[in-house]
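Peer 1: Sharing coords_32.txt (compact mmCIF, C-alpha atoms) below.
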```txt
# COMPACT_ATOMS: atom_id res chain seq x y z
CA MET A 284 0.00 0.00 0.00
CA SER A 285 1.77 3.08 -1.23
CA GLN A 286 -0.66 5.57 0.25
CA THR A 287 -2.82 5.34 3.33
CA HIS A 288 -5.95 7.33 4.15
CA LEU A 289 -3.99 9.12 6.84
CA GLU A 290 -2.63 11.64 4.41
CA PRO A 291 -4.25 13.97 1.89
CA ASP A 292 -5.12 12.03 -1.26
CA ARG A 293 -2.88 12.88 -4.20
CA GLY A 294 -3.26 9.85 -6.40
CA SER A 295 -6.93 9.43 -7.36
CA THR A 296 -8.70 10.75 -10.44
CA GLY A 297 -10.53 14.06 -10.58
CA SER A 298 -14.03 12.57 -10.93
CA THR A 299 -16.48 12.62 -8.02
CA PRO A 300 -16.00 9.43 -5.97
CA ARG A 301 -18.80 6.89 -5.88
CA TRP A 302 -19.15 7.19 -2.08
CA VAL A 303 -19.89 10.92 -2.40
CA LYS A 304 -22.67 10.26 -4.96
CA MET A 305 -24.17 7.46 -2.85
CA PHE A 306 -23.90 9.57 0.28
CA GLY A 307 -25.59 12.51 -1.44
CA ILE A 308 -28.55 10.36 -2.52
CA ILE A 309 -28.98 8.78 0.93
CA ALA A 310 -28.64 12.19 2.65
CA LEU A 311 -31.27 13.71 0.33
CA VAL A 312 -33.72 10.87 1.06
CA LEU A 313 -33.12 11.15 4.82
CA VAL A 314 -33.56 14.94 4.82
CA LEU A 315 -36.84 14.60 2.88
CA LEU A 316 -37.98 11.90 5.32
CA PHE A 317 -37.05 14.15 8.25
CA VAL A 318 -39.02 17.07 6.80
CA ILE A 319 -42.08 14.87 6.06
CA LEU A 320 -42.02 13.32 9.55
CA HIS A 321 -41.55 16.74 11.10
CA LEU A 322 -44.48 18.23 9.23
CA ALA A 323 -46.68 15.19 9.86
CA ASP A 324 -45.96 15.06 13.60
CA PRO A 325 -49.24 15.75 15.43
CA ASP A 326 -47.26 16.97 18.42
CA ARG A 327 -45.49 19.61 16.35
CA HIS A 328 -45.96 22.61 18.55
CA GLY A 329 -43.81 25.34 19.87
CA PRO A 330 -43.33 29.01 20.46
CA ARG A 331 -44.26 29.85 16.90
CA ARG A 332 -47.82 28.59 17.33
CA ASP A 333 -48.45 30.68 20.42
CA THR A 334 -49.04 33.69 18.27
CA GLN A 335 -51.79 31.93 16.34
CA SER A 336 -53.96 31.13 19.34
CA GLY A 337 -53.06 33.93 21.64
CA GLU A 338 -53.43 31.45 24.46
CA PRO A 339 -50.12 30.56 26.09
CA GLY A 340 -49.73 26.85 26.43
CA GLY A 341 -53.02 26.21 24.71
CA GLN A 342 -51.46 24.56 21.68
CA ALA A 343 -50.02 21.56 23.47
CA PRO A 344 -52.85 19.56 24.92
CA PRO A 345 -51.50 17.11 27.46
CA ILE A 346 -52.13 13.42 27.26
CA ALA A 347 -53.30 13.14 30.81
CA GLN A 348 -52.41 9.88 32.42
CA GLY A 349 -54.32 10.53 35.60
CA VAL A 350 -51.14 10.74 37.60
CA GLN A 351 -51.38 13.61 40.02
CA GLN A 352 -48.52 15.42 41.55
CA PRO A 353 -48.08 14.45 45.19
CA MET J 241 -1.94 29.19 7.90
CA THR J 242 -0.03 26.54 9.84
CA MET J 243 0.23 25.77 13.54
CA ALA J 244 3.11 24.66 15.69
CA PRO J 245 2.96 20.87 16.39
CA GLY J 246 2.13 21.39 20.07
CA LEU J 247 -0.72 23.79 19.34
CA ARG J 248 -2.01 21.50 16.57
CA LYS J 249 -2.19 18.56 18.97
CA PHE J 250 -4.01 20.73 21.51
CA VAL J 251 -6.57 21.87 18.92
CA LEU J 252 -7.01 18.28 17.71
CA THR J 253 -7.63 17.13 21.30
CA ALA J 254 -10.16 19.94 21.82
CA HIS J 255 -11.94 19.02 18.58
CA VAL J 256 -12.16 15.31 19.42
CA THR J 257 -13.28 16.08 22.99
CA SER J 258 -16.03 18.50 21.95
CA SER J 259 -17.26 16.23 19.14
CA VAL J 260 -17.37 13.07 21.24
CA GLY J 261 -18.89 15.05 24.13
CA TRP J 262 -21.61 16.31 21.76
CA LEU J 263 -22.35 12.73 20.69
CA GLY J 264 -22.49 11.50 24.28
CA ALA J 265 -24.78 14.34 25.35
CA VAL J 266 -27.18 13.54 22.50
CA VAL J 267 -27.29 9.89 23.65
CA ALA J 268 -28.13 11.07 27.19
CA TYR J 269 -30.81 13.40 25.77
CA LEU J 270 -32.28 10.51 23.77
CA ALA J 271 -32.35 8.35 26.91
CA LEU J 272 -34.36 11.05 28.73
CA ALA J 273 -36.90 11.27 25.89
CA VAL J 274 -37.26 7.46 25.73
CA ALA J 275 -37.64 7.24 29.54
CA ALA J 276 -40.37 9.90 29.55
CA LEU J 277 -42.25 8.19 26.71
CA THR J 278 -42.07 4.71 28.22
CA ILE J 279 -42.58 5.45 31.94
CA ARG J 280 -45.34 8.06 31.33
CA ASP J 281 -45.34 9.20 34.91
CA ALA J 282 -46.08 12.89 35.51
CA GLN J 283 -42.98 13.45 37.62
CA THR J 284 -40.73 11.55 35.21
CA VAL J 285 -42.03 13.48 32.21
CA ARG J 286 -41.61 16.82 33.98
CA ALA J 287 -38.12 15.93 35.18
CA ALA J 288 -37.17 14.68 31.70
CA TRP J 289 -38.27 17.93 30.01
CA ILE J 290 -36.40 20.05 32.54
CA ALA J 291 -33.28 17.87 32.18
CA MET J 292 -33.54 17.94 28.38
CA GLU J 293 -33.80 21.72 28.35
CA LEU J 294 -30.78 22.12 30.64
CA THR J 295 -28.76 19.50 28.76
CA GLY J 296 -29.68 21.09 25.45
CA TRP J 297 -28.80 24.69 26.27
CA PHE J 298 -25.84 24.14 28.61
CA VAL J 299 -24.19 21.00 27.19
CA ILE J 300 -25.28 20.17 23.64
CA VAL J 301 -25.38 23.70 22.19
CA PRO J 302 -21.95 24.78 23.59
CA LEU J 303 -20.34 21.48 22.53
CA ALA J 304 -21.88 21.70 19.05
CA LEU J 305 -20.63 25.27 18.53
CA ALA J 306 -17.21 24.39 19.97
CA SER J 307 -16.93 21.34 17.72
CA LEU J 308 -17.86 23.39 14.64
CA LEU J 309 -15.55 26.32 15.39
CA ILE J 310 -12.57 24.20 16.45
CA GLY J 311 -13.10 21.97 13.40
CA LEU J 312 -13.01 25.03 11.13
CA LEU J 313 -9.84 26.29 12.79
CA GLN J 314 -8.23 22.86 12.58
CA SER J 315 -9.04 22.21 8.93
CA LEU J 316 -7.82 25.63 7.87
CA SER J 317 -4.51 25.14 9.67
CA THR J 318 -3.61 21.73 8.22
CA PRO J 319 -2.96 20.49 4.67
CA TRP J 320 -6.42 18.89 4.64
CA GLY J 321 -8.06 22.29 4.10
CA LEU J 322 -11.78 22.94 4.31
CA PHE J 323 -12.90 22.46 0.70
CA ARG J 324 -10.13 20.27 -0.72
CA HIS J 325 -11.36 16.81 0.29
CA TYR J 326 -14.89 15.50 -0.01
CA TRP J 327 -14.85 13.90 3.45
CA VAL J 328 -13.95 17.22 5.11
CA LEU J 329 -16.57 19.08 3.06
CA VAL J 330 -19.30 16.50 3.82
CA LYS J 331 -18.40 16.61 7.50
CA LEU J 332 -18.59 20.41 7.50
CA LEU J 333 -22.00 20.43 5.79
CA LEU J 334 -23.39 17.80 8.19
CA THR J 335 -22.07 19.64 11.25
CA VAL J 336 -23.45 23.01 10.08
CA PHE J 337 -26.81 21.35 9.28
CA ALA J 338 -26.97 19.67 12.70
CA ALA J 339 -26.00 22.89 14.52
CA ILE J 340 -28.66 24.93 12.66
CA ILE J 341 -31.41 22.36 13.37
CA LEU J 342 -30.29 22.27 17.02
CA LEU J 343 -30.42 26.06 17.43
CA LEU J 344 -33.80 26.26 15.68
CA HIS J 345 -35.22 23.45 17.81
CA MET J 346 -34.05 24.45 21.28
CA PRO J 347 -36.71 27.20 21.79
CA THR J 348 -39.35 24.48 21.22
CA VAL J 349 -37.70 22.35 23.92
CA SER J 350 -37.82 25.33 26.31
CA TYR J 351 -41.49 25.84 25.43
CA PHE J 352 -42.41 22.24 26.28
CA ALA J 353 -40.23 22.27 29.39
CA GLY J 354 -42.13 25.37 30.56
CA ILE J 355 -45.48 23.68 29.98
CA ALA J 356 -44.34 20.46 31.71
CA ALA J 357 -43.18 22.43 34.76
CA GLU J 358 -46.64 23.93 35.22
CA MET J 359 -48.71 20.79 34.68
CA ASP J 360 -49.85 18.16 37.15
CA SER J 361 -50.43 15.44 34.54
CA ALA J 362 -48.02 13.67 32.23
CA ASN J 363 -47.69 15.74 29.06
CA LEU J 364 -46.37 13.49 26.30
CA ALA J 365 -46.87 16.08 23.57
CA GLY J 366 -43.63 16.87 21.82
CA LEU J 367 -41.70 13.87 23.09
CA ARG J 368 -42.01 11.95 19.82
CA GLY J 369 -40.53 14.99 18.08
CA GLU J 370 -37.62 14.84 20.50
CA LEU J 371 -36.99 11.23 19.50
CA LEU J 372 -36.91 12.30 15.86
CA HIS J 373 -34.55 15.23 16.46
CA ALA J 374 -32.22 13.45 18.87
CA GLY J 375 -32.20 10.27 16.74
CA GLY J 376 -31.43 12.27 13.59
CA GLY J 377 -28.72 14.19 15.42
CA LEU J 378 -27.16 10.99 16.67
CA LEU J 379 -27.13 9.55 13.14
CA VAL J 380 -25.43 12.68 11.77
CA LEU J 381 -22.80 12.60 14.54
CA LEU J 382 -22.08 8.90 13.96
CA VAL J 383 -21.57 9.62 10.26
CA THR J 384 -19.20 12.53 10.94
CA THR J 385 -17.24 10.40 13.41
CA THR J 386 -16.96 7.60 10.85
CA LEU J 387 -15.80 10.06 8.17
CA SER J 388 -13.14 11.40 10.55
CA VAL J 389 -11.75 7.93 11.21
CA TYR J 390 -11.92 6.42 7.70
CA LYS J 391 -11.16 9.60 5.71
CA PRO J 392 -12.48 8.22 2.40
CA ARG J 393 -10.53 9.25 -0.67
CA GLY J 394 -11.59 11.91 -3.11
CA MET J 395 -10.56 15.47 -3.88
CA THR J 396 -12.93 18.23 -4.89
CA PRO J 397 -12.29 20.20 -8.13
CA TYR J 398 -11.06 23.04 -5.90
CA GLY J 399 -8.66 20.63 -4.19
CA TRP J 400 -7.29 19.49 -7.54
CA ARG J 401 -6.71 23.07 -8.68
CA LYS J 402 -4.94 23.92 -5.43
CA GLN J 403 -2.83 20.77 -5.63
CA ARG J 404 -1.77 21.51 -9.22
CA LYS J 405 -0.90 25.09 -8.29
CA GLU J 406 1.12 23.99 -5.25
CA SER J 407 2.93 21.19 -7.07
CA SER J 408 4.01 23.61 -9.81
CA SER J 409 5.38 26.12 -7.29
CA ILE J 410 6.83 23.68 -4.73
CA PRO J 411 9.44 21.28 -6.12
CA ALA J 412 9.06 18.53 -3.47
CA PRO J 413 5.73 18.43 -1.63
CA PRO J 414 5.70 16.71 1.77
CA SER J 415 4.91 13.01 1.50
CA HIS J 416 3.26 12.72 4.89
CA HIS J 417 0.67 14.49 6.93
CA PRO J 418 2.10 16.43 9.88
CA ASP J 419 -0.67 15.21 12.19
CA TYR J 420 0.44 11.61 11.94
CA PRO J 421 3.68 9.80 12.72
CA GLU J 422 6.18 9.17 9.96
CA ASP J 423 5.95 5.36 10.15
CA GLU J 424 2.16 5.39 9.65
CA SER J 425 2.12 7.74 6.72
CA THR J 426 4.83 5.95 4.78
CA ARG J 427 3.67 2.43 5.50
```
When written as structure tokens, how does the structure in this file appear?
Peer 2:
Amino acid sequence: MSQTHLEPDRGSTGSTPRWVKMFGIIALVLVLLFVILHLADPDRHGPRRDTQSGEPGGQAPPIAQGVQQP
Amino acid sequence: MTMAPGLRKFVLTAHVTSSVGWLGAVVAYLALAVAALTIRDAQTVRAAWIAMELTGWFVIVPLALASLLIGLLQSLSTPWGLFRHYWVLVKLLLTVFAAIILLLHMPTVSYFAGIAAEMDSANLAGLRGELLHAGGGLLVLLVTTTLSVYKPRGMTPYGWRKQRKESSSIPAPPSHHPDYPEDESTR
């Protein structure tokens, strides 16, 4: 092995490596999945929605489990 | 821009420490979200939200910013550069993406932590979103760690241009990377 990965690569061709292309495709799919899941999340609430209702805390209905604070 | 060997080692240590610390803190954050979702006890959920908010603002955010800034400093002060190698560029993009999502998401965590602190019942709203964010963050950090260790080959067009320019001006470029011992780089 004349060259290890521990040094800057000086011997490969100038074309985009296959791992970069594969990585780009997988990353794009995962980002799209993240955005879809984020938008579809029924619990998606936060400070931004406060302004819509004008009722602080009113946008995050609790799932009450009947457990009371001692 | 180059650094003295001692300073370079110090910066490398700081970068590894902040990056691994960031990863570990995200795992702890994920454990809190999973515990709150599975135990579903009012006190556990409230405690988890408060702990997640504190961990997020005072551990994860500082470590993420430190990792990004130290990584920038390190790459610009070594022959790897910032835009020369695909693995460095991919790592930079992933880290910037993760840091932006983190900073955009933390106010939401504070919002839910505030609600949880005022409620007497277990509020599970928002916890599934935390699983998504913390899980995604963990995946990104595992990928960046893997890239740092394996350093897959491949130079960007910018890297090729810089290399051609340097090789035409410098008669004998160094055959090893200064961050690594001579015997490893010439093996």
Peer 1: Please report the interatomic distance between atom CA of J:Leu371 and atom CA of J:Ala288 in Å with one decimal.
Peer 2: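 About the pair atom CA of J:Leu371 and atom CA of J:Ala288: they are 12.7 Å apart.
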Peer 1: Give me, please, the distance in Å between atom CA of A:Trp302 and atom CA of A:Leu315, quoted to one decimal.
Peer 2: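 Calculated distance between atom CA of A:Trp302 and atom CA of A:Leu315 is 19.8 Å.
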Peer 1: Taking only C-alpha atoms into account, name the residue in J:Val328, J:Val285, J:Ala275, J:Val266 that is nearest to J:Val389.
Peer 2: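 Under the stated criterion, the closest residue is J:Val328.
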Peer 1: Taking into account all atoms listed in the file, which residue in the set J:Ala268, J:Leu367, J:Ile310, J:Ala338 is nearest to J:Phe352?
Peer 2: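 Among J:Ala268, J:Leu367, J:Ile310, J:Ala338, it is J:Leu367 that comes nearest to J:Phe352.
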Peer 1: Of the residues J:Arg393, J:His345, J:His373, J:Lys402, which is the one nearest to A:Phe317, using all atoms listed in the file?
Peer 2: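 Among the listed residues, J:His373 lies closest to A:Phe317.
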Peer 1: Compare J:Arg401, J:Lys249, J:Arg280, J:Lys391 by their minimum atom-to-atom distance to J:Lys331, counting only C-alpha atoms, and give me the closest one.
Peer 2: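 Using only C-alpha atoms, the shortest distance to J:Lys331 belongs to J:Lys391.
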Peer 1: Hey, what's within 6 Å of stretch 252-262 of chain J if we count all atoms listed in the file and toss same-chain stuff fewer than 2 positions away? As a ChimeraX atom specification, please?
Peer 2: /J:249-250,264-265,300,303,307,310
Peer 1: Out of J:Leu263, J:Ala365, J:Val383, J:Val336, which residue has the shortest atom-to-atom distance to J:Ala353 when counting only C-alpha atoms?
Peer 2: J:Ala365
Peer 1: How many Å separate atom CA of J:Gln283 from atom CA of J:Thr348?
Peer 2: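 Spanning atom CA of J:Gln283 to atom CA of J:Thr348 is a straight-line distance of 20.1 Å.
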